[in-house]
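Data file: protein25.pdb. Format and content: PDB, C-alpha atoms.
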ATOM      1  CA  MET Z   1       0.000   0.000   0.000  1.00  0.00           C
ATOM      2  CA  ASP Z   2       1.590   3.262  -1.088  1.00  0.00           C
ATOM      3  CA  ARG Z   3       1.365   6.606   0.693  1.00  0.00           C
ATOM      4  CA  SER Z   4      -1.627   7.917  -1.285  1.00  0.00           C
ATOM      5  CA  GLN Z   5      -3.560   4.681  -0.710  1.00  0.00           C
ATOM      6  CA  LYS Z   6      -2.867   4.986   3.010  1.00  0.00           C
ATOM      7  CA  ALA Z   7      -4.089   8.604   2.987  1.00  0.00           C
ATOM      8  CA  ASP Z   8      -7.259   7.516   1.167  1.00  0.00           C
ATOM      9  CA  MET Z   9      -7.842   4.721   3.696  1.00  0.00           C
ATOM     10  CA  VAL Z  10      -7.392   7.115   6.640  1.00  0.00           C
ATOM     11  CA  ALA Z  11      -9.814   9.606   5.058  1.00  0.00           C
ATOM     12  CA  GLU Z  12     -12.370   6.843   4.431  1.00  0.00           C
ATOM     13  CA  LEU Z  13     -12.085   5.541   8.005  1.00  0.00           C
ATOM     14  CA  LYS Z  14     -12.320   9.057   9.476  1.00  0.00           C
ATOM     15  CA  ASN Z  15     -15.510   9.576   7.457  1.00  0.00           C
ATOM     16  CA  VAL Z  16     -16.922   6.310   8.817  1.00  0.00           C
ATOM     17  CA  PHE Z  17     -16.051   7.286  12.399  1.00  0.00           C
ATOM     18  CA  THR Z  18     -17.674  10.687  11.903  1.00  0.00           C
ATOM     19  CA  GLU Z  19     -20.963   9.322  10.532  1.00  0.00           C
ATOM     20  CA  THR Z  20     -21.494   6.069  12.446  1.00  0.00           C
ATOM     21  CA  SER Z  21     -23.504   5.481  15.608  1.00  0.00           C
ATOM     22  CA  VAL Z  22     -21.596   2.435  16.810  1.00  0.00           C
ATOM     23  CA  VAL Z  23     -18.186   0.841  16.323  1.00  0.00           C
ATOM     24  CA  VAL Z  24     -17.635  -2.806  17.235  1.00  0.00           C
ATOM     25  CA  ILE Z  25     -14.076  -4.100  17.299  1.00  0.00           C
ATOM     26  CA  THR Z  26     -13.613  -7.780  16.587  1.00  0.00           C
ATOM     27  CA  ARG Z  27     -10.563  -9.991  16.539  1.00  0.00           C
ATOM     28  CA  ASN Z  28     -10.126 -12.588  13.830  1.00  0.00           C
ATOM     29  CA  HIS Z  29      -8.533 -15.846  14.949  1.00  0.00           C
ATOM     30  CA  GLY Z  30      -8.562 -17.557  11.557  1.00  0.00           C
ATOM     31  CA  LEU Z  31     -11.896 -17.026   9.812  1.00  0.00           C
ATOM     32  CA  THR Z  32     -11.896 -18.468   6.313  1.00  0.00           C
ATOM     33  CA  VAL Z  33     -12.500 -16.264   3.296  1.00  0.00           C
ATOM     34  CA  ALA Z  34     -15.964 -17.808   2.950  1.00  0.00           C
ATOM     35  CA  GLN Z  35     -16.785 -17.040   6.595  1.00  0.00           C
ATOM     36  CA  SER Z  36     -15.524 -13.448   6.259  1.00  0.00           C
ATOM     37  CA  THR Z  37     -17.601 -13.002   3.111  1.00  0.00           C
ATOM     38  CA  ASP Z  38     -20.649 -14.418   4.878  1.00  0.00           C
ATOM     39  CA  LEU Z  39     -20.140 -11.983   7.777  1.00  0.00           C
ATOM     40  CA  ARG Z  40     -19.775  -9.023   5.391  1.00  0.00           C
ATOM     41  CA  LEU Z  41     -22.992 -10.004   3.595  1.00  0.00           C
ATOM     42  CA  LYS Z  42     -24.876 -10.291   6.888  1.00  0.00           C
ATOM     43  CA  MET Z  43     -23.551  -6.886   7.923  1.00  0.00           C
ATOM     44  CA  ARG Z  44     -24.609  -5.363   4.612  1.00  0.00           C
ATOM     45  CA  ASP Z  45     -28.085  -6.905   4.907  1.00  0.00           C
ATOM     46  CA  ALA Z  46     -28.423  -5.275   8.348  1.00  0.00           C
ATOM     47  CA  GLY Z  47     -27.248  -1.882   7.078  1.00  0.00           C
ATOM     48  CA  ALA Z  48     -23.829  -2.238   8.671  1.00  0.00           C
ATOM     49  CA  GLN Z  49     -20.250  -2.472   7.420  1.00  0.00           C
ATOM     50  CA  PHE Z  50     -17.429  -4.837   8.315  1.00  0.00           C
ATOM     51  CA  LYS Z  51     -13.941  -3.670   7.438  1.00  0.00           C
ATOM     52  CA  VAL Z  52     -10.458  -4.978   8.086  1.00  0.00           C
ATOM     53  CA  ALA Z  53      -8.045  -2.060   8.412  1.00  0.00           C
ATOM     54  CA  LYS Z  54      -4.463  -1.695   9.499  1.00  0.00           C
ATOM     55  CA  ASN Z  55      -4.495  -0.758  13.168  1.00  0.00           C
ATOM     56  CA  SER Z  56      -1.972   2.044  12.598  1.00  0.00           C
ATOM     57  CA  LEU Z  57      -4.220   3.643   9.951  1.00  0.00           C
ATOM     58  CA  ALA Z  58      -7.326   3.203  12.093  1.00  0.00           C
ATOM     59  CA  LEU Z  59      -5.535   4.911  15.003  1.00  0.00           C
ATOM     60  CA  ILE Z  60      -4.715   7.903  12.800  1.00  0.00           C
ATOM     61  CA  ALA Z  61      -8.330   8.044  11.590  1.00  0.00           C
ATOM     62  CA  LEU Z  62      -9.620   7.944  15.177  1.00  0.00           C
ATOM     63  CA  GLU Z  63      -7.805  11.204  16.034  1.00  0.00           C
ATOM     64  CA  ASP Z  64     -10.217  14.100  16.556  1.00  0.00           C
ATOM     65  CA  THR Z  65     -13.280  11.832  16.592  1.00  0.00           C
ATOM     66  CA  ARG Z  66     -15.503  10.830  19.485  1.00  0.00           C
ATOM     67  CA  TYR Z  67     -14.247   7.253  19.060  1.00  0.00           C
ATOM     68  CA  LYS Z  68     -10.599   8.048  19.876  1.00  0.00           C
ATOM     69  CA  PRO Z  69     -10.741   6.179  23.249  1.00  0.00           C
ATOM     70  CA  ILE Z  70     -11.265   2.814  21.506  1.00  0.00           C
ATOM     71  CA  GLY Z  71      -7.779   3.049  20.020  1.00  0.00           C
ATOM     72  CA  ASP Z  72      -6.466   0.989  22.952  1.00  0.00           C
ATOM     73  CA  LEU Z  73      -8.548  -1.969  21.689  1.00  0.00           C
ATOM     74  CA  LEU Z  74      -6.814  -2.041  18.306  1.00  0.00           C
ATOM     75  CA  LYS Z  75      -4.214  -4.719  18.927  1.00  0.00           C
ATOM     76  CA  GLY Z  76      -3.661  -7.825  16.842  1.00  0.00           C
ATOM     77  CA  PRO Z  77      -5.761  -8.917  13.865  1.00  0.00           C
ATOM     78  CA  THR Z  78      -8.787  -6.654  14.317  1.00  0.00           C
ATOM     79  CA  ALA Z  79     -11.709  -5.613  12.160  1.00  0.00           C
ATOM     80  CA  LEU Z  80     -14.281  -2.864  12.566  1.00  0.00           C
ATOM     81  CA  ALA Z  81     -18.042  -3.293  12.346  1.00  0.00           C
ATOM     82  CA  THR Z  82     -19.979  -0.032  12.085  1.00  0.00           C
ATOM     83  CA  SER Z  83     -23.549   1.072  11.505  1.00  0.00           C
ATOM     84  CA  GLY Z  84     -25.829   4.071  11.673  1.00  0.00           C
ATOM     85  CA  ASP Z  85     -28.342   2.006  13.642  1.00  0.00           C
ATOM     86  CA  PRO Z  86     -26.840   1.804  17.137  1.00  0.00           C
ATOM     87  CA  VAL Z  87     -27.689  -1.900  17.391  1.00  0.00           C
ATOM     88  CA  ALA Z  88     -27.230  -3.389  13.898  1.00  0.00           C
ATOM     89  CA  ALA Z  89     -23.450  -3.900  13.803  1.00  0.00           C
ATOM     90  CA  ALA Z  90     -23.353  -5.215  17.372  1.00  0.00           C
ATOM     91  CA  LYS Z  91     -26.241  -7.612  16.757  1.00  0.00           C
ATOM     92  CA  VAL Z  92     -24.716  -9.132  13.599  1.00  0.00           C
ATOM     93  CA  ALA Z  93     -21.213  -9.398  15.090  1.00  0.00           C
ATOM     94  CA  VAL Z  94     -22.413 -11.022  18.317  1.00  0.00           C
ATOM     95  CA  ASP Z  95     -24.756 -13.422  16.503  1.00  0.00           C
ATOM     96  CA  PHE Z  96     -21.963 -14.419  14.113  1.00  0.00           C
ATOM     97  CA  ALA Z  97     -19.480 -14.911  16.971  1.00  0.00           C
ATOM     98  CA  LYS Z  98     -21.928 -17.289  18.691  1.00  0.00           C
ATOM     99  CA  THR Z  99     -21.574 -19.765  15.825  1.00  0.00           C
ATOM    100  CA  HIS Z 100     -17.969 -18.983  14.819  1.00  0.00           C
ATOM    101  CA  ASP Z 101     -15.529 -19.251  17.701  1.00  0.00           C
ATOM    102  CA  LYS Z 102     -12.757 -17.751  15.569  1.00  0.00           C
ATOM    103  CA  LEU Z 103     -14.410 -14.333  15.775  1.00  0.00           C
ATOM    104  CA  GLU Z 104     -13.955 -12.603  19.121  1.00  0.00           C
ATOM    105  CA  ILE Z 105     -15.851  -9.506  20.233  1.00  0.00           C
ATOM    106  CA  VAL Z 106     -13.228  -7.196  21.757  1.00  0.00           C
ATOM    107  CA  GLY Z 107     -15.302  -4.128  22.561  1.00  0.00           C
ATOM    108  CA  GLY Z 108     -16.219  -0.859  20.908  1.00  0.00           C
ATOM    109  CA  ALA Z 109     -18.178   2.312  21.451  1.00  0.00           C
ATOM    110  CA  MET Z 110     -21.567   3.836  20.946  1.00  0.00           C
ATOM    111  CA  GLY Z 111     -21.064   7.555  20.572  1.00  0.00           C
ATOM    112  CA  ASP Z 112     -18.931   8.750  23.469  1.00  0.00           C
ATOM    113  CA  THR Z 113     -19.529   5.592  25.509  1.00  0.00           C
ATOM    114  CA  VAL Z 114     -16.754   2.999  25.368  1.00  0.00           C
ATOM    115  CA  LEU Z 115     -18.040  -0.567  25.724  1.00  0.00           C
ATOM    116  CA  ASP Z 116     -16.226  -3.750  26.645  1.00  0.00           C
ATOM    117  CA  ALA Z 117     -17.178  -7.102  25.084  1.00  0.00           C
ATOM    118  CA  ASP Z 118     -20.035  -7.559  27.570  1.00  0.00           C
ATOM    119  CA  GLY Z 119     -21.321  -4.065  26.772  1.00  0.00           C
ATOM    120  CA  ILE Z 120     -21.389  -4.907  23.052  1.00  0.00           C
ATOM    121  CA  LYS Z 121     -23.245  -8.144  23.830  1.00  0.00           C
ATOM    122  CA  ALA Z 122     -25.792  -6.215  25.921  1.00  0.00           C
ATOM    123  CA  LEU Z 123     -26.219  -3.709  23.086  1.00  0.00           C
ATOM    124  CA  ALA Z 124     -26.778  -6.583  20.648  1.00  0.00           C
ATOM    125  CA  ALA Z 125     -29.612  -7.877  22.842  1.00  0.00           C
ATOM    126  CA  LEU Z 126     -31.613  -4.671  22.280  1.00  0.00           C
ATOM    127  CA  PRO Z 127     -34.117  -4.485  19.422  1.00  0.00           C
ATOM    128  CA  SER Z 128     -32.887  -2.732  16.280  1.00  0.00           C
ATOM    129  CA  LEU Z 129     -34.457   0.455  15.013  1.00  0.00           C
ATOM    130  CA  ASP Z 130     -36.416  -1.495  12.391  1.00  0.00           C
ATOM    131  CA  GLU Z 131     -37.609  -3.978  15.044  1.00  0.00           C
ATOM    132  CA  LEU Z 132     -38.797  -1.084  17.230  1.00  0.00           C
ATOM    133  CA  ARG Z 133     -40.668   0.452  14.311  1.00  0.00           C
ATOM    134  CA  ALA Z 134     -42.327  -2.879  13.531  1.00  0.00           C
ATOM    135  CA  THR Z 135     -43.375  -3.258  17.174  1.00  0.00           C
ATOM    136  CA  ILE Z 136     -44.926   0.190  17.183  1.00  0.00           C
ATOM    137  CA  VAL Z 137     -46.922  -0.568  14.055  1.00  0.00           C
ATOM    138  CA  GLU Z 138     -47.903  -4.049  15.258  1.00  0.00           C
ATOM    139  CA  HIS Z 139     -49.256  -2.958  18.641  1.00  0.00           C
ATOM    140  CA  ALA Z 140     -50.928   0.333  17.849  1.00  0.00           C
ATOM    141  CA  ASP Z 141     -54.475   0.722  16.587  1.00  0.00           C
ATOM    142  CA  THR Z 142     -55.194   4.460  16.676  1.00  0.00           C
ATOM    143  CA  ILE Z 143     -53.496   7.705  15.838  1.00  0.00           C
ATOM    144  CA  TYR Z 144     -54.217  11.269  16.827  1.00  0.00           C
ATOM    145  CA  HIS Z 145     -54.301  13.914  14.154  1.00  0.00           C
ATOM    146  CA  PRO Z 146     -55.652  17.476  14.086  1.00  0.00           C
ATOM    147  CA  VAL Z 147     -59.224  16.217  13.621  1.00  0.00           C
ATOM    148  CA  GLY Z 148     -59.045  13.642  16.439  1.00  0.00           C
ATOM    149  CA  THR Z 149     -58.533   9.896  16.560  1.00  0.00           C
ATOM    150  CA  CYS Z 150     -59.010   7.781  13.470  1.00  0.00           C
ATOM    151  CA  ARG Z 151     -59.104   4.076  12.726  1.00  0.00           C
ATOM    152  CA  MET Z 152     -56.820   2.806  10.017  1.00  0.00           C
ATOM    153  CA  GLY Z 153     -58.814   2.421   6.870  1.00  0.00           C
ATOM    154  CA  GLY Z 154     -59.276   4.138   3.542  1.00  0.00           C
ATOM    155  CA  ASP Z 155     -56.986   7.125   3.248  1.00  0.00           C
ATOM    156  CA  ALA Z 156     -56.071   7.142   6.953  1.00  0.00           C
ATOM    157  CA  ARG Z 157     -52.750   5.468   6.123  1.00  0.00           C
ATOM    158  CA  SER Z 158     -51.730   8.511   4.100  1.00  0.00           C
ATOM    159  CA  VAL Z 159     -52.606  10.737   7.081  1.00  0.00           C
ATOM    160  CA  VAL Z 160     -50.348   8.624   9.298  1.00  0.00           C
ATOM    161  CA  ASP Z 161     -47.523   8.613   6.756  1.00  0.00           C
ATOM    162  CA  ALA Z 162     -47.755  12.407   6.398  1.00  0.00           C
ATOM    163  CA  GLN Z 163     -47.740  12.956  10.164  1.00  0.00           C
ATOM    164  CA  LEU Z 164     -44.726  10.704  10.580  1.00  0.00           C
ATOM    165  CA  ARG Z 165     -42.811  12.620   7.908  1.00  0.00           C
ATOM    166  CA  VAL Z 166     -43.710  15.964   9.538  1.00  0.00           C
ATOM    167  CA  ARG Z 167     -42.362  14.681  12.861  1.00  0.00           C
ATOM    168  CA  GLY Z 168     -39.134  13.408  11.303  1.00  0.00           C
ATOM    169  CA  VAL Z 169     -39.913   9.688  11.516  1.00  0.00           C
ATOM    170  CA  THR Z 170     -38.508   8.125   8.364  1.00  0.00           C
ATOM    171  CA  GLY Z 171     -38.272   4.608   7.014  1.00  0.00           C
ATOM    172  CA  LEU Z 172     -41.630   3.537   8.423  1.00  0.00           C
ATOM    173  CA  ARG Z 173     -44.540   2.546   6.229  1.00  0.00           C
ATOM    174  CA  VAL Z 174     -47.985   2.060   7.684  1.00  0.00           C
ATOM    175  CA  VAL Z 175     -49.767  -0.877   6.123  1.00  0.00           C
ATOM    176  CA  ASP Z 176     -52.740  -2.067   8.193  1.00  0.00           C
ATOM    177  CA  ALA Z 177     -52.008  -0.551  11.559  1.00  0.00           C
ATOM    178  CA  SER Z 178     -51.320   2.860  12.989  1.00  0.00           C
ATOM    179  CA  VAL Z 179     -48.772   4.403  15.259  1.00  0.00           C
ATOM    180  CA  MET Z 180     -49.081   4.998  18.981  1.00  0.00           C
ATOM    181  CA  PRO Z 181     -50.217   8.528  19.841  1.00  0.00           C
ATOM    182  CA  ALA Z 182     -47.172   9.048  22.047  1.00  0.00           C
ATOM    183  CA  LEU Z 183     -44.880   8.621  19.039  1.00  0.00           C
ATOM    184  CA  ILE Z 184     -46.406  11.563  17.252  1.00  0.00           C
ATOM    185  CA  GLY Z 185     -46.947  13.715  20.299  1.00  0.00           C
ATOM    186  CA  GLY Z 186     -50.668  13.097  20.793  1.00  0.00           C
TER     187      GLY Z 186
END
Structure rendered as structure tokens:
Amino acid sequence: MDRSQKADMVAELKNVFTETSVVVITRNHGLTVAQSTDLRLKMRDAGAQFKVAKNSLALIALEDTRYKPIGDLLKGPTALATSGDPVAAAKVAVDFAKTHDKLEIVGGAMGDTVLDADGIKALAALPSLDELRATIVEHADTIYHPVGTCRMGGDARSVVDAQLRVRGVTGLRVVDASVMPALIGG
């Protein structure tokens, strides 16, 4: 890897550290190429990334980011799992490590909070953002809007979708249920 490639890698990693909600550090004790590919695909399916990076380059990229304290965890053959969803990367990494003893969860961070391996495992046990959204839709049956409470039927779904967009809730589609009034401030 030449100097310009290293600079590009540092810039890419710094961008990831700036935009991500969680970083999970794993240690590879001999995963096969097929296993690594499988893990990357599972990460991608969950909206996460899994990247092997030279520890020295990752340490440079961590400078001036909120994830700088995890630099102490970058020892040996490590890889970084990251995601915008605070749970996705942790959930995939922990689930994969349960069935592949050659992948070790070292630790990581969620925002400014540094987590050890047990903290990452506890984070992985939480429902993901998509799972929370599905639960809200599954268990709710009414929604408040300026006219009052409505049952989901006819064009009511479009009312719900519009109210969610106004309140900044994205990525949620109402099909045959509504959203709890507390979610939209009712």
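Of the listed residues (Z:Val33, Z:Thr135, Z:Glu104, Z:Thr82), Z:Thr82 comes nearest to Tyr67 in chain Z; the distances count only C-alpha atoms.
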Taking the file as shown, find all residues satisfying the PyMOL selection byres ((chain Z and resi 20) around 9) and write them as a list in words.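 Written out, the selection comes to Asn15, Val16, Phe17, Thr18, Glu19, Ser21, Val22, Val23, Thr82, Ser83, Gly84, Asp85, Pro86, Met110 and Gly111 of chain Z.
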Taking into account only C-alpha atoms, which residue in the set Z:Lys6, Z:Lys51, Z:Arg133, Z:Lys121 is nearest to Val94 in chain Z? Z:Lys121
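Comparing the minimum interatomic distances between Ala93 in chain Z and each of Z:Leu59, Z:Ala48, Z:Val10, Z:Leu115, counting all atoms listed in the file, we find that Z:Ala48 sits nearest.
Atom pair CA of Val137 in chain Z / CA of Ile120 in chain Z has a distance of 27.4 Å (rounded to one decimal).
Taking CA of Asp8 in chain Z as the reference point, CA of Arg66 in chain Z is found at 20.4 Å.
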Here's the selection I'm unsure about, the PyMOL selection byres ((chain Z and resi 119) around 12); applied to the file above, which residues does it give, as a compact mmCIF listing (two decimals) with C-alpha atoms, keeping the file's coordinate frame?
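Below is the file that was written, expr_25.txt:
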# COMPACT_ATOMS: atom_id res chain seq x y z
CA VAL Z 22 -21.60 2.44 16.81
CA VAL Z 23 -18.19 0.84 16.32
CA VAL Z 24 -17.64 -2.81 17.24
CA ILE Z 25 -14.08 -4.10 17.30
CA VAL Z 87 -27.69 -1.90 17.39
CA ALA Z 90 -23.35 -5.22 17.37
CA LYS Z 91 -26.24 -7.61 16.76
CA VAL Z 94 -22.41 -11.02 18.32
CA ILE Z 105 -15.85 -9.51 20.23
CA VAL Z 106 -13.23 -7.20 21.76
CA GLY Z 107 -15.30 -4.13 22.56
CA GLY Z 108 -16.22 -0.86 20.91
CA ALA Z 109 -18.18 2.31 21.45
CA MET Z 110 -21.57 3.84 20.95
CA THR Z 113 -19.53 5.59 25.51
CA VAL Z 114 -16.75 3.00 25.37
CA LEU Z 115 -18.04 -0.57 25.72
CA ASP Z 116 -16.23 -3.75 26.64
CA ALA Z 117 -17.18 -7.10 25.08
CA ASP Z 118 -20.04 -7.56 27.57
CA ILE Z 120 -21.39 -4.91 23.05
CA LYS Z 121 -23.24 -8.14 23.83
CA ALA Z 122 -25.79 -6.22 25.92
CA LEU Z 123 -26.22 -3.71 23.09
CA ALA Z 124 -26.78 -6.58 20.65
CA ALA Z 125 -29.61 -7.88 22.84
CA LEU Z 126 -31.61 -4.67 22.28
How many Å lie between CA of Met9 in chain Z and CA of Asp38 in chain Z, rounded to one decimal?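 We find that CA of Met9 in chain Z and CA of Asp38 in chain Z lie 23.1 Å from each other.
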Which one is closest to Asp101 in chain Z: Z:Lys42, Z:Lys54, Z:Arg27, Z:Lys68? Count all atoms listed in the file.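 Of Z:Lys42, Z:Lys54, Z:Arg27, Z:Lys68, the one nearest Asp101 in chain Z is Z:Arg27, counting all atoms listed in the file.
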